[in-house]
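Worksheet for the structure shown next.
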Amino acid sequence: MKGPVIASASTRAHLQESVARTVLLAASALVIVAMAAVVLYLASEGSRLFFSDHISPLTFLGRLTFDPENRAPGALVFIVGSLSVTIFAIVVGGPFGVAVGIFLSQLAPQRLAALMKPTIEILVGIPSVVYGWLGLTLLAPFTRAHFGSQTGFGLLTAGIVLSIMILPTVISLSEDALRSVHASLKEGSMALGATRWQTIFHVLLPAARSGLTVALILGIARAIGEALAVQMVIGNSAVLPKGLLSPTSTLTTEIVTDMGSAQAGSVMQHALFSMAFLLLLIAMLLIVGVRAALRRPS
């Protein structure tokens, strides 16, 4: 009796494994097909500006004015705006996020760390419109009252909002990267007479360099792809920013603002699709950067 029972159990296990493998392969294939469809669609629609409307890619990327009605769509203002607000956000929020990650993983008492970590993770789930509304009702009036800004909208306000928005991502990944460093490195450094701070700066941070790089890159990806919160506080003016208080616009905010009113097949619609495809390429480059950082030895 044992032989048939074992054979039946083995057959059932093989069947379950085959079903699970088929389901997982189907799910993976569906994701690949969906991503390929998105890329091909954006590439097809985004290239119409160059092939159907006969506008040079260099002209599109290098022109300051955005005037699709007169066949003069230029994306340089929005590219500069996106880069400016993203750089501000990562310069301000990046080091602060890494510092909090160091505190949680190396310095904070266990009870405090256990309390702060879920709180920080909850911040990830807050909708973008909430951050934008807080920036609109709190930061913009503060900037207008204390920094001499006429409206309170501009790079400074948008950069602060984005800095706060990327903090949960940078903090969580930084903490995980530091906790993944083998305990023997810390113990060996302390045994040789190094102080806690010397161990953190000269041993743990270099050992977690790849993970920290990934945290910053994903923070950049979070910032450059944000649309709604930035649109509410950046001023939405298609002009080059002349300072932190200057209003400007970004690729995402311009797409959100004009896509609904763009006529099908118009130069405006093709230009907006080209901006969307440019954002997709930037996202792909950031993903490549993450993979390169993970492969690099610490």
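To be explicit about the labels: the chains of the structure tokens are called A, B, and onward in the order shown, and within each one the residues are counted from 1, while ligands get numbers from 1 in the order they are shown.
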Write out as a tab-separated table a residue-level contact list of segment 165-245 of chain A versus segment 79-85 of chain A with cut-off 8 Å: for each qualifying residue the closest pair of atoms and the distance in Å to one decimal, counting only C-alpha atoms, rows sorted by chain and residue number upward.
residue	atom	partner	partner_atom	distance
A:Ile224	CA	A:Ser82	CA	6.3
A:Leu240	CA	A:Gly81	CA	7.1
A:Pro241	CA	A:Gly81	CA	7.0
Could you take the residues named above and write them with N, CA, C and O atoms, as a PDB file, in the first residue's frame?
ATOM      1  N   ILE A 224      11.946  62.709 -10.317  1.00  0.00           N
ATOM      2  CA  ILE A 224      11.818  63.169 -11.703  1.00  0.00           C
ATOM      3  C   ILE A 224      10.510  62.723 -12.334  1.00  0.00           C
ATOM      4  O   ILE A 224      10.035  63.315 -13.304  1.00  0.00           O
ATOM      5  N   LEU A 240      12.740  79.490 -18.471  1.00  0.00           N
ATOM      6  CA  LEU A 240      13.905  78.971 -17.766  1.00  0.00           C
ATOM      7  C   LEU A 240      13.970  79.550 -16.360  1.00  0.00           C
ATOM      8  O   LEU A 240      13.789  80.760 -16.177  1.00  0.00           O
ATOM      9  N   PRO A 241      14.222  78.733 -15.367  1.00  0.00           N
ATOM     10  CA  PRO A 241      14.322  79.259 -13.993  1.00  0.00           C
ATOM     11  C   PRO A 241      15.572  80.116 -13.840  1.00  0.00           C
ATOM     12  O   PRO A 241      16.663  79.723 -14.256  1.00  0.00           O
TER      13      PRO A 241
END
What are the closest atom pairs, with distances in Å to one decimal, for each residue of segment 138-254 of chain A lying within 6 Å of segment 98-119 of chain A, using only C-alpha atoms, rows by chain and rising residue number, as CSV?
residue,atom,partner,partner_atom,distance
A:Ile171,CA,A:Gly101,CA,4.9
A:Ser174,CA,A:Gly101,CA,5.1
A:Glu175,CA,A:Gly101,CA,4.3
Using C-alpha atoms, can you export the residues from the last selection as an mmCIF file, in the first residue's frame?
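Heads up, here's the output in out.cif:
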data_model
loop_
_atom_site.group_PDB
_atom_site.id
_atom_site.type_symbol
_atom_site.label_atom_id
_atom_site.label_comp_id
_atom_site.auth_asym_id
_atom_site.auth_seq_id
_atom_site.Cartn_x
_atom_site.Cartn_y
_atom_site.Cartn_z
ATOM 1 C CA ILE A 171 15.584 56.206 4.405
ATOM 2 C CA SER A 174 19.645 53.215 3.257
ATOM 3 C CA GLU A 175 18.707 51.480 6.478
#
Shell around Val39 of chain A at 12 Å using only C-alpha atoms, local window under 2 positions removed, as a PDB file with N, CA and C atoms, in the first residue's frame:
ATOM      1  N   ILE A  32       6.100  41.218 -19.370  1.00  0.00           N
ATOM      2  CA  ILE A  32       7.016  41.570 -20.454  1.00  0.00           C
ATOM      3  C   ILE A  32       6.260  42.139 -21.640  1.00  0.00           C
ATOM      4  N   VAL A  33       5.146  41.493 -22.008  1.00  0.00           N
ATOM      5  CA  VAL A  33       4.350  41.974 -23.138  1.00  0.00           C
ATOM      6  C   VAL A  33       3.777  43.357 -22.846  1.00  0.00           C
ATOM      7  N   ALA A  34       3.287  43.555 -21.619  1.00  0.00           N
ATOM      8  CA  ALA A  34       2.717  44.854 -21.261  1.00  0.00           C
ATOM      9  C   ALA A  34       3.770  45.961 -21.332  1.00  0.00           C
ATOM     10  N   MET A  35       4.968  45.697 -20.783  1.00  0.00           N
ATOM     11  CA  MET A  35       6.037  46.698 -20.821  1.00  0.00           C
ATOM     12  C   MET A  35       6.483  46.966 -22.257  1.00  0.00           C
ATOM     13  N   ALA A  36       6.599  45.916 -23.051  1.00  0.00           N
ATOM     14  CA  ALA A  36       6.987  46.095 -24.453  1.00  0.00           C
ATOM     15  C   ALA A  36       5.943  46.915 -25.203  1.00  0.00           C
ATOM     16  N   ALA A  37       4.644  46.671 -24.903  1.00  0.00           N
ATOM     17  CA  ALA A  37       3.580  47.429 -25.556  1.00  0.00           C
ATOM     18  C   ALA A  37       3.658  48.908 -25.200  1.00  0.00           C
ATOM     19  N   TYR A  41       4.453  51.723 -27.927  1.00  0.00           N
ATOM     20  CA  TYR A  41       3.428  52.743 -28.165  1.00  0.00           C
ATOM     21  C   TYR A  41       3.996  54.147 -27.985  1.00  0.00           C
ATOM     22  N   LEU A  42       4.721  54.355 -26.895  1.00  0.00           N
ATOM     23  CA  LEU A  42       5.304  55.677 -26.674  1.00  0.00           C
ATOM     24  C   LEU A  42       6.353  56.014 -27.732  1.00  0.00           C
ATOM     25  N   ALA A  43       7.142  55.014 -28.121  1.00  0.00           N
ATOM     26  CA  ALA A  43       8.139  55.256 -29.156  1.00  0.00           C
ATOM     27  C   ALA A  43       7.472  55.602 -30.480  1.00  0.00           C
ATOM     28  N   SER A  44       6.375  54.901 -30.806  1.00  0.00           N
ATOM     29  CA  SER A  44       5.670  55.166 -32.055  1.00  0.00           C
ATOM     30  C   SER A  44       5.040  56.554 -32.066  1.00  0.00           C
ATOM     31  N   GLU A  45       4.328  56.885 -30.977  1.00  0.00           N
ATOM     32  CA  GLU A  45       3.668  58.182 -30.923  1.00  0.00           C
ATOM     33  C   GLU A  45       4.671  59.319 -30.754  1.00  0.00           C
ATOM     34  N   GLY A  46       5.726  59.066 -29.978  1.00  0.00           N
ATOM     35  CA  GLY A  46       6.714  60.114 -29.761  1.00  0.00           C
ATOM     36  C   GLY A  46       7.548  60.426 -30.984  1.00  0.00           C
ATOM     37  N   SER A  47       7.733  59.443 -31.859  1.00  0.00           N
ATOM     38  CA  SER A  47       8.537  59.667 -33.058  1.00  0.00           C
ATOM     39  C   SER A  47       7.771  60.373 -34.166  1.00  0.00           C
ATOM     40  N   PHE A 273       3.811  63.521 -26.447  1.00  0.00           N
ATOM     41  CA  PHE A 273       4.204  62.115 -26.478  1.00  0.00           C
ATOM     42  C   PHE A 273       5.728  61.986 -26.528  1.00  0.00           C
ATOM     43  N   SER A 274       6.389  62.886 -27.233  1.00  0.00           N
ATOM     44  CA  SER A 274       7.853  62.857 -27.264  1.00  0.00           C
ATOM     45  C   SER A 274       8.440  63.119 -25.884  1.00  0.00           C
ATOM     46  N   ALA A 276       6.895  62.373 -23.068  1.00  0.00           N
ATOM     47  CA  ALA A 276       6.622  61.157 -22.296  1.00  0.00           C
ATOM     48  C   ALA A 276       7.642  60.063 -22.628  1.00  0.00           C
ATOM     49  N   PHE A 277       7.998  59.950 -23.901  1.00  0.00           N
ATOM     50  CA  PHE A 277       8.998  58.952 -24.288  1.00  0.00           C
ATOM     51  C   PHE A 277      10.367  59.314 -23.726  1.00  0.00           C
ATOM     52  N   LEU A 278      10.670  60.599 -23.666  1.00  0.00           N
ATOM     53  CA  LEU A 278      11.927  61.040 -23.059  1.00  0.00           C
ATOM     54  C   LEU A 278      11.966  60.675 -21.580  1.00  0.00           C
ATOM     55  N   LEU A 279      10.862  60.843 -20.876  1.00  0.00           N
ATOM     56  CA  LEU A 279      10.796  60.436 -19.467  1.00  0.00           C
ATOM     57  C   LEU A 279      10.994  58.931 -19.326  1.00  0.00           C
ATOM     58  N   LEU A 280      10.431  58.166 -20.249  1.00  0.00           N
ATOM     59  CA  LEU A 280      10.605  56.716 -20.210  1.00  0.00           C
ATOM     60  C   LEU A 280      12.072  56.346 -20.399  1.00  0.00           C
ATOM     61  N   LEU A 281      12.749  57.021 -21.313  1.00  0.00           N
ATOM     62  CA  LEU A 281      14.176  56.752 -21.518  1.00  0.00           C
ATOM     63  C   LEU A 281      14.988  57.100 -20.273  1.00  0.00           C
ATOM     64  N   ALA A 283      13.890  57.015 -17.205  1.00  0.00           N
ATOM     65  CA  ALA A 283      13.599  55.964 -16.229  1.00  0.00           C
ATOM     66  C   ALA A 283      14.408  54.705 -16.527  1.00  0.00           C
ATOM     67  N   MET A 284      14.529  54.361 -17.801  1.00  0.00           N
ATOM     68  CA  MET A 284      15.321  53.186 -18.175  1.00  0.00           C
ATOM     69  C   MET A 284      16.792  53.368 -17.823  1.00  0.00           C
TER      70      MET A 284
END
### Message
Using only C-alpha atoms, can you tell me which of A:Leu218, A:Ala75, A:Asn70, A:Ala293 comes closest to Leu58 of chain A?
### Response
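Closest to Leu58 of chain A of all the choices is A:Ala75.
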### Task
Write out as a count of residues only all residues of segment 14-86 of chain A that DSSP puts in alpha helix (DSSP H) for this structure's backbone.
55
### Query
Ile234 of chain A: which residues within 9 Å, counting only C-alpha atoms, same-chain residues fewer than 4 positions away excluded, as a PyMOL selection string?
chain A and resi 152-159+229-230+246-250+253
Find the residues of segment 52-164 of chain A that sit at most 7 Å from segment 261-269 of chain A; for each, write down the nearest two atoms and how far apart they are in Å, to one decimal. Count only C-alpha atoms. Sort by chain, then by number going up, and give it as JSON lines.
{"residue": "A:Asp53", "atom": "CA", "partner": "A:Val267", "partner_atom": "CA", "distance": 7.0}
{"residue": "A:Pro68", "atom": "CA", "partner": "A:Met268", "partner_atom": "CA", "distance": 5.2}
{"residue": "A:Arg71", "atom": "CA", "partner": "A:Val267", "partner_atom": "CA", "distance": 6.7}
### Task
Rank nothing, just name the residue among A:Ala292, A:Ala20, A:Ala177, A:Val31 nearest to Leu212 of chain A, using only C-alpha atoms.
A:Ala177
Could you pull the residues within 7 Å of Gly135 of chain A, counting only C-alpha atoms, minus those fewer than 3 positions along the same chain, as a PDB file with N, CA, C and O atoms, in the first residue's frame?
ATOM      1  N   TYR A 131       0.735  65.776  -0.472  1.00  0.00           N
ATOM      2  CA  TYR A 131       1.983  66.544  -0.397  1.00  0.00           C
ATOM      3  C   TYR A 131       1.840  67.877  -1.143  1.00  0.00           C
ATOM      4  O   TYR A 131       2.290  68.926  -0.670  1.00  0.00           O
ATOM      5  N   GLY A 132       1.228  67.815  -2.320  1.00  0.00           N
ATOM      6  CA  GLY A 132       1.038  69.047  -3.078  1.00  0.00           C
ATOM      7  C   GLY A 132       0.142  70.037  -2.358  1.00  0.00           C
ATOM      8  O   GLY A 132       0.392  71.244  -2.369  1.00  0.00           O
ATOM      9  N   LEU A 138       0.852  75.551   2.929  1.00  0.00           N
ATOM     10  CA  LEU A 138       1.816  75.875   3.979  1.00  0.00           C
ATOM     11  C   LEU A 138       3.117  76.454   3.424  1.00  0.00           C
ATOM     12  O   LEU A 138       3.544  77.539   3.827  1.00  0.00           O
ATOM     13  N   LEU A 139       3.745  75.728   2.509  1.00  0.00           N
ATOM     14  CA  LEU A 139       5.059  76.156   2.023  1.00  0.00           C
ATOM     15  C   LEU A 139       4.980  77.401   1.140  1.00  0.00           C
ATOM     16  O   LEU A 139       5.811  78.312   1.264  1.00  0.00           O
ATOM     17  N   ALA A 140       4.004  77.432   0.229  1.00  0.00           N
ATOM     18  CA  ALA A 140       3.906  78.588  -0.667  1.00  0.00           C
ATOM     19  C   ALA A 140       3.670  79.894   0.098  1.00  0.00           C
ATOM     20  O   ALA A 140       4.364  80.889  -0.155  1.00  0.00           O
ATOM     21  N   THR A 157       9.868  75.896  -3.547  1.00  0.00           N
ATOM     22  CA  THR A 157       8.721  75.210  -2.963  1.00  0.00           C
ATOM     23  C   THR A 157       8.586  73.797  -3.508  1.00  0.00           C
ATOM     24  O   THR A 157       8.383  72.836  -2.759  1.00  0.00           O
ATOM     25  N   VAL A 161       9.028  70.154  -1.429  1.00  0.00           N
ATOM     26  CA  VAL A 161       7.989  69.122  -1.462  1.00  0.00           C
ATOM     27  C   VAL A 161       8.557  67.798  -1.950  1.00  0.00           C
ATOM     28  O   VAL A 161       8.310  66.734  -1.353  1.00  0.00           O
ATOM     29  N   VAL A 233       2.714  73.385  -7.119  1.00  0.00           N
ATOM     30  CA  VAL A 233       3.532  74.375  -6.398  1.00  0.00           C
ATOM     31  C   VAL A 233       4.664  74.975  -7.224  1.00  0.00           C
ATOM     32  O   VAL A 233       5.354  75.867  -6.728  1.00  0.00           O
TER      33      VAL A 233
END
Considering only C-alpha atoms, return as an mmCIF file with N, CA, C and O atoms, in the first residue's frame whatever protein or nucleic-acid residues lie within 10 Å of Ala215 of chain A, sequence-local ones (same chain, fewer than 5 positions apart) excluded.
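Result file is part_6.cif:
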data_model
loop_
_atom_site.group_PDB
_atom_site.id
_atom_site.type_symbol
_atom_site.label_atom_id
_atom_site.label_comp_id
_atom_site.auth_asym_id
_atom_site.auth_seq_id
_atom_site.Cartn_x
_atom_site.Cartn_y
_atom_site.Cartn_z
ATOM 1 N N GLY A 94 18.485 63.671 -0.117
ATOM 2 C CA GLY A 94 19.368 62.507 -0.144
ATOM 3 C C GLY A 94 20.234 62.370 1.102
ATOM 4 O O GLY A 94 20.154 61.354 1.808
ATOM 5 N N GLY A 97 18.125 61.730 4.179
ATOM 6 C CA GLY A 97 17.592 60.372 4.221
ATOM 7 C C GLY A 97 18.640 59.358 4.626
ATOM 8 O O GLY A 97 18.374 58.441 5.420
ATOM 9 N N VAL A 98 19.863 59.489 4.094
ATOM 10 C CA VAL A 98 20.947 58.590 4.472
ATOM 11 C C VAL A 98 21.283 58.754 5.955
ATOM 12 O O VAL A 98 21.536 57.768 6.665
ATOM 13 N N ILE A 166 10.693 62.066 -1.292
ATOM 14 C CA ILE A 166 11.669 60.998 -1.546
ATOM 15 C C ILE A 166 12.278 60.453 -0.259
ATOM 16 O O ILE A 166 12.956 59.420 -0.292
ATOM 17 N N LEU A 167 12.034 61.126 0.867
ATOM 18 C CA LEU A 167 12.652 60.701 2.124
ATOM 19 C C LEU A 167 12.324 59.256 2.505
ATOM 20 O O LEU A 167 13.242 58.494 2.858
ATOM 21 N N THR A 169 11.661 56.645 0.729
ATOM 22 C CA THR A 169 12.393 55.718 -0.137
ATOM 23 C C THR A 169 13.864 55.671 0.237
ATOM 24 O O THR A 169 14.448 54.592 0.411
ATOM 25 N N VAL A 170 14.478 56.840 0.367
ATOM 26 C CA VAL A 170 15.916 56.892 0.666
ATOM 27 C C VAL A 170 16.194 56.340 2.062
ATOM 28 O O VAL A 170 17.156 55.588 2.261
ATOM 29 N N ILE A 171 15.356 56.677 3.031
ATOM 30 C CA ILE A 171 15.584 56.206 4.405
ATOM 31 C C ILE A 171 15.478 54.685 4.479
ATOM 32 O O ILE A 171 16.355 54.007 5.051
ATOM 33 N N SER A 172 14.427 54.124 3.927
ATOM 34 C CA SER A 172 14.216 52.678 4.018
ATOM 35 C C SER A 172 15.327 51.896 3.340
ATOM 36 O O SER A 172 15.876 50.936 3.901
ATOM 37 N N LEU A 173 15.693 52.309 2.136
ATOM 38 C CA LEU A 173 16.739 51.583 1.406
ATOM 39 C C LEU A 173 18.110 51.785 2.051
ATOM 40 O O LEU A 173 18.933 50.863 2.056
ATOM 41 N N SER A 174 18.371 52.976 2.575
ATOM 42 C CA SER A 174 19.645 53.215 3.257
ATOM 43 C C SER A 174 19.767 52.363 4.510
ATOM 44 O O SER A 174 20.819 51.771 4.784
ATOM 45 N N GLU A 175 18.683 52.304 5.272
ATOM 46 C CA GLU A 175 18.707 51.480 6.478
ATOM 47 C C GLU A 175 18.925 50.007 6.143
ATOM 48 O O GLU A 175 19.732 49.322 6.779
ATOM 49 N N ASP A 176 18.231 49.515 5.122
ATOM 50 C CA ASP A 176 18.401 48.115 4.716
ATOM 51 C C ASP A 176 19.835 47.852 4.246
ATOM 52 O O ASP A 176 20.403 46.789 4.539
ATOM 53 N N ALA A 177 20.408 48.803 3.510
ATOM 54 C CA ALA A 177 21.780 48.626 3.019
ATOM 55 C C ALA A 177 22.773 48.559 4.173
ATOM 56 O O ALA A 177 23.706 47.738 4.166
ATOM 57 N N ARG A 209 28.126 50.988 0.156
ATOM 58 C CA ARG A 209 28.113 51.993 -0.907
ATOM 59 C C ARG A 209 27.135 51.648 -2.033
ATOM 60 O O ARG A 209 26.389 52.493 -2.518
ATOM 61 N N SER A 210 27.112 50.382 -2.450
ATOM 62 C CA SER A 210 26.216 49.987 -3.541
ATOM 63 C C SER A 210 24.758 50.190 -3.157
ATOM 64 O O SER A 210 23.967 50.744 -3.933
ATOM 65 N N ILE A 220 16.010 59.694 -6.992
ATOM 66 C CA ILE A 220 15.993 60.537 -8.195
ATOM 67 C C ILE A 220 14.835 60.130 -9.105
ATOM 68 O O ILE A 220 14.119 60.981 -9.648
ATOM 69 N N ALA A 221 14.655 58.813 -9.285
ATOM 70 C CA ALA A 221 13.554 58.332 -10.126
ATOM 71 C C ALA A 221 12.207 58.762 -9.568
ATOM 72 O O ALA A 221 11.284 59.125 -10.318
ATOM 73 N N VAL A 290 20.803 51.513 -11.458
ATOM 74 C CA VAL A 290 20.571 50.682 -10.273
ATOM 75 C C VAL A 290 21.236 49.326 -10.428
ATOM 76 O O VAL A 290 21.905 48.833 -9.523
#
### Query
Which residue gives the smallest distance to Val239 of chain A among A:Ser128, A:Thr11, A:Thr22, A:Thr65, with only C-alpha atoms counted?
A:Thr65
### Message
For a quick check of understanding, using only C-alpha atoms, which of A:Ile90, A:Leu76, A:Ala145, A:Lys186 has the smallest distance to Gln198 of chain A?
### Response
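Ranking A:Ile90, A:Leu76, A:Ala145, A:Lys186 by distance to Gln198 of chain A, first place goes to A:Lys186.
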